[in-house]
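Right, one structure below, let's go through it.
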Amino acid sequence: MSDNTAQTNAVLEALQLDVRARGKGILQNVSMRVAAGQIFGIIGPSGAGKSTLLRCFNRLSELTSGIKVRGDVRLKGRSVYSAGTDVNALRARVGMLFQEPVVFPTDIRSNVLFGARRLRKLSKTDEADLAETSLRDVALWEEVRDRLAQPAGNLSLGQQQRLCLARTLAVQPEVLLMDEPTSSLDPRSTGAIEELMLQLKSRHSIVLVTHNLAQARRVSCVVACVSVRNGVGQIVEQGTSGALFGSPQSPELREYLKWDSQA
Amino acid sequence: MRRGMDVGLGLLTGGCLLACLTIAGGLIWAIVSRGWGALSLSFFTEQIALVGAAGGILWNLVGTTILLVTAFLVCAPLAVALTLLERVWLKQKRVRHWLRIGLYTANGLPSIVFGLFGFLVFVQWCGWGKSWLAGGLVLAMSMLPTVTLVLIERMAAIPERYIIAATGLGLNEEQLVWAVLLRQSWGGLISGCLLGLARAAGETAPIMFTATIFAGATLPKAVVESPVLTLPYHIFILAQDSFAPGIGTKIWGAALVLLGLVFSMSLAALPSRLRLHEESHV
């Protein structure tokens, strides 16, 4: 997807975003655009502020005390930090998948419907349909259709992560934020999640934070490298996946890619 | 040197444990061996007779149950409200800190203080006289700190990831309270209430001024001047006032029933306590 298209169809934008925690700079001057139907990859070394950046998009960063955000994030052109923004509605529109699967200690079906049944009125039939659709979306339906009433904790880690994705999809978000969603998974489950991302991008814009450079290369249209420069996290380079991995310009990215190739 | 200290510490803690078990075991043995003979069906189904020398403890059991149920019904919602205040609604750390200090202090108050408060407020000021409701309320007050502190502990042990995941789905604070906080700490409420009730069941001081008499009461039919019979007060009066030779077994029998009641409530709270311990170490 060309940069021009990305600019016209921007679903999510960060504009000169500065993040500080208890006076210390975490991120500085971060600007990026995520277009409709795009997977935007964020790579970079640990501690550079990638997850913090991700959490600024749905204001989940506010759960951490002492975090101050300046600049702006826009969802479909509207600032998410403006006064009067319904933060809970924002979080429903910008869903999040975490590094490790977080299943609630209840059955599979209740896990899928956990958010949806509380955010909108659903009849029994609606609930059954939504559970099935969401589980089908993440290719889990055939594996769990006979044990929907069983504890979700009994599923494998890969299945749990797909269940969490189903739970997020059931809320019908417009954007999906994924914070290293495959870091705790085996290669097979990782492959399954990647395949899902590629399927889901036609309906949802996805922002993916990953340490897996091969994964970023495989699934992302555009990639940004967040690295520490002058003691604070910044986007040191961004561009199409091919350009960024093909001819990295910034010394930080070159260094990061070198470490990865050595590993 | 270090090995010697380890062995020494092991011996010391083992000795302390043995001392505790010996005292508790001796106490239980004394009560069981003396009271076992009094236990029979009629002991549970008959009412007190001959100033405690004959009959059973039917209305004492019923009265104790009435007070405990009342205390539970009053205490549980208040404990939930206080816990949510501490965990969710109070944003200032300092205020939360003072609330916790207040609860710990109230937890250490002698039960006679609650009894005197109940006597002044419910018996005299409200004009209820000795009443099951006054006793239930006083017991609720005396167990409220225990229940609230257990519930706070339980809610604090809820993994942060559940709260973040639920918030990330777009749940508001009220939905978060119902869907995560209360749902996950239900066991804490039950275990806290059971521990509080176990303590309240054996209390004599708070109810002797407010709710209980020795004999002549059955099921209360009103609030004002409607006392009940209770097990602790029954034991207290028999032990203090009666020198009749036949009464000894009855006292120990009543004490054994009270011990069984308290023990079974503590035992019922155990699974929830163990789960809390496990989850807080995940």
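Residues in the structure tokens are numbered from 1 in each chain, the chains being A, B, ... in the order shown, and ligands are numbered from 1 in the order shown.
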Next on the checklist: Can you tell me, as a ChimeraX atom specification, which residues in stretch 11-117 of chain B count as alpha helix (DSSP H) by DSSP?
Outcome noted: /B:11-35,41-45,58-84,93-107,111-117
request  = Just need the residues of chain B within 8 Å of chain A, counting only C-alpha atoms, so spit them out as an NGL selection string.
outcome  = :B and (161-162 or 164-172 or 175)
Put those residues in a file: N, CA and C atoms, as a tab-separated table (two decimals), in the first residue's frame.
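Writing the result to out.tsv gives the following:
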chain	number	residue	atom	x	y	z
B	161	ARG	N	-3.76	-8.72	35.57
B	161	ARG	CA	-4.01	-8.96	34.14
B	161	ARG	C	-5.50	-9.08	33.84
B	162	TYR	N	-6.29	-9.57	34.81
B	162	TYR	CA	-7.74	-9.66	34.60
B	162	TYR	C	-8.34	-8.26	34.46
B	164	ILE	N	-6.76	-5.47	33.61
B	164	ILE	CA	-6.29	-4.82	32.38
B	164	ILE	C	-7.04	-5.39	31.17
B	165	ALA	N	-7.20	-6.73	31.16
B	165	ALA	CA	-7.89	-7.34	30.01
B	165	ALA	C	-9.35	-6.86	29.94
B	166	ALA	N	-10.02	-6.79	31.08
B	166	ALA	CA	-11.42	-6.36	31.09
B	166	ALA	C	-11.53	-4.88	30.71
B	167	THR	N	-10.61	-4.07	31.22
B	167	THR	CA	-10.61	-2.65	30.87
B	167	THR	C	-10.34	-2.49	29.37
B	168	GLY	N	-9.42	-3.30	28.87
B	168	GLY	CA	-9.07	-3.24	27.45
B	168	GLY	C	-10.24	-3.59	26.54
B	169	LEU	N	-11.21	-4.34	27.08
B	169	LEU	CA	-12.39	-4.68	26.27
B	169	LEU	C	-13.40	-3.54	26.24
B	170	GLY	N	-13.19	-2.56	27.11
B	170	GLY	CA	-14.09	-1.40	27.13
B	170	GLY	C	-15.08	-1.41	28.28
B	171	LEU	N	-14.85	-2.26	29.27
B	171	LEU	CA	-15.77	-2.30	30.41
B	171	LEU	C	-15.59	-1.04	31.27
B	172	ASN	N	-16.68	-0.48	31.73
B	172	ASN	CA	-16.55	0.68	32.61
B	172	ASN	C	-16.33	0.20	34.05
B	175	GLN	N	-19.01	-2.09	35.52
B	175	GLN	CA	-18.97	-3.43	34.91
B	175	GLN	C	-17.75	-4.21	35.39
| task | Show which residues sit within 9 Å of stretch 192-194 of chain B, as an MDAnalysis selection string. Count only C-alpha atoms, and ignore same-chain residues fewer than 2 positions away. | result | chainID B and resid 72 75:76 143:144 146:151 187:190 196:199 262 265:269 273
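Nearest residue to B:Glu153 among B:Leu18, B:Leu219, B:Ile207, B:Leu181 is B:Leu181, counting only C-alpha atoms.
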Skipping near chain neighbours, those fewer than 5 positions away, what residues fall within 10 Å of B:Ala106 using only C-alpha atoms, listed as a PyMOL selection string?
chain B and resi 100-101+111+114+141-146
Tell me, counting only C-alpha atoms, for each residue of stretch 117-210 of chain A within 8 Å of stretch 26-41 of chain A, which pair of atoms is nearest and how far apart they are in Å to one decimal, in rows ordered by chain and increasing number, as JSON lines.
{"residue": "A:Met197", "atom": "CA", "partner": "A:Ile39", "partner_atom": "CA", "distance": 8.0}
{"residue": "A:Lys201", "atom": "CA", "partner": "A:Gly37", "partner_atom": "CA", "distance": 4.8}
{"residue": "A:Ser202", "atom": "CA", "partner": "A:Gly37", "partner_atom": "CA", "distance": 4.8}
{"residue": "A:Arg203", "atom": "CA", "partner": "A:Gly37", "partner_atom": "CA", "distance": 6.3}
{"residue": "A:His204", "atom": "CA", "partner": "A:Gly37", "partner_atom": "CA", "distance": 5.8}
{"residue": "A:Ser205", "atom": "CA", "partner": "A:Gly37", "partner_atom": "CA", "distance": 4.8}
{"residue": "A:Ile206", "atom": "CA", "partner": "A:Ile39", "partner_atom": "CA", "distance": 4.6}
{"residue": "A:Val207", "atom": "CA", "partner": "A:Phe40", "partner_atom": "CA", "distance": 4.7}
{"residue": "A:Leu208", "atom": "CA", "partner": "A:Gly41", "partner_atom": "CA", "distance": 4.8}
{"residue": "A:Val209", "atom": "CA", "partner": "A:Gly41", "partner_atom": "CA", "distance": 5.9}
{"residue": "A:Thr210", "atom": "CA", "partner": "A:Gly41", "partner_atom": "CA", "distance": 7.2}
So, with only C-alpha atoms as the atoms that count, which of A:Glu62, A:Ile42, A:Ala48, A:Lys258 lies closest to A:Gly239?
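Of A:Glu62, A:Ile42, A:Ala48, A:Lys258, the one nearest A:Gly239, counting only C-alpha atoms, is A:Ile42.
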One decimal, in Å: what's the spacing between atom CA of B:Leu270 and atom CA of B:Gly37?
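Atom CA of B:Gly37 lies 29.3 Å from atom CA of B:Leu270.
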Query raised in the report: Do you have the atom CA of A:Ser65-atom CA of A:Asn230 distance handy?
Result: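 Atom-to-atom, atom CA of A:Ser65 and atom CA of A:Asn230 are spaced 24.4 Å apart.
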Gap from atom CA of B:Thr210 to atom CA of B:Leu73 - Å, one decimal
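Separation of atom CA of B:Thr210 and atom CA of B:Leu73: 18.2 Å.
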Report task. Using only C-alpha atoms, determine which residues lie at most 12 Å from B:Arg96, disregarding the query and same-chain residues fewer than 2 positions distant; provide the list as a ChimeraX atom specification. Result -> /B:82-94,98-103,152
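The nearest approach to A:Leu200 among the residues A:Arg20, A:Arg136, A:Lys68, A:Lys124, with only C-alpha atoms taken into account, belongs to A:Arg136.
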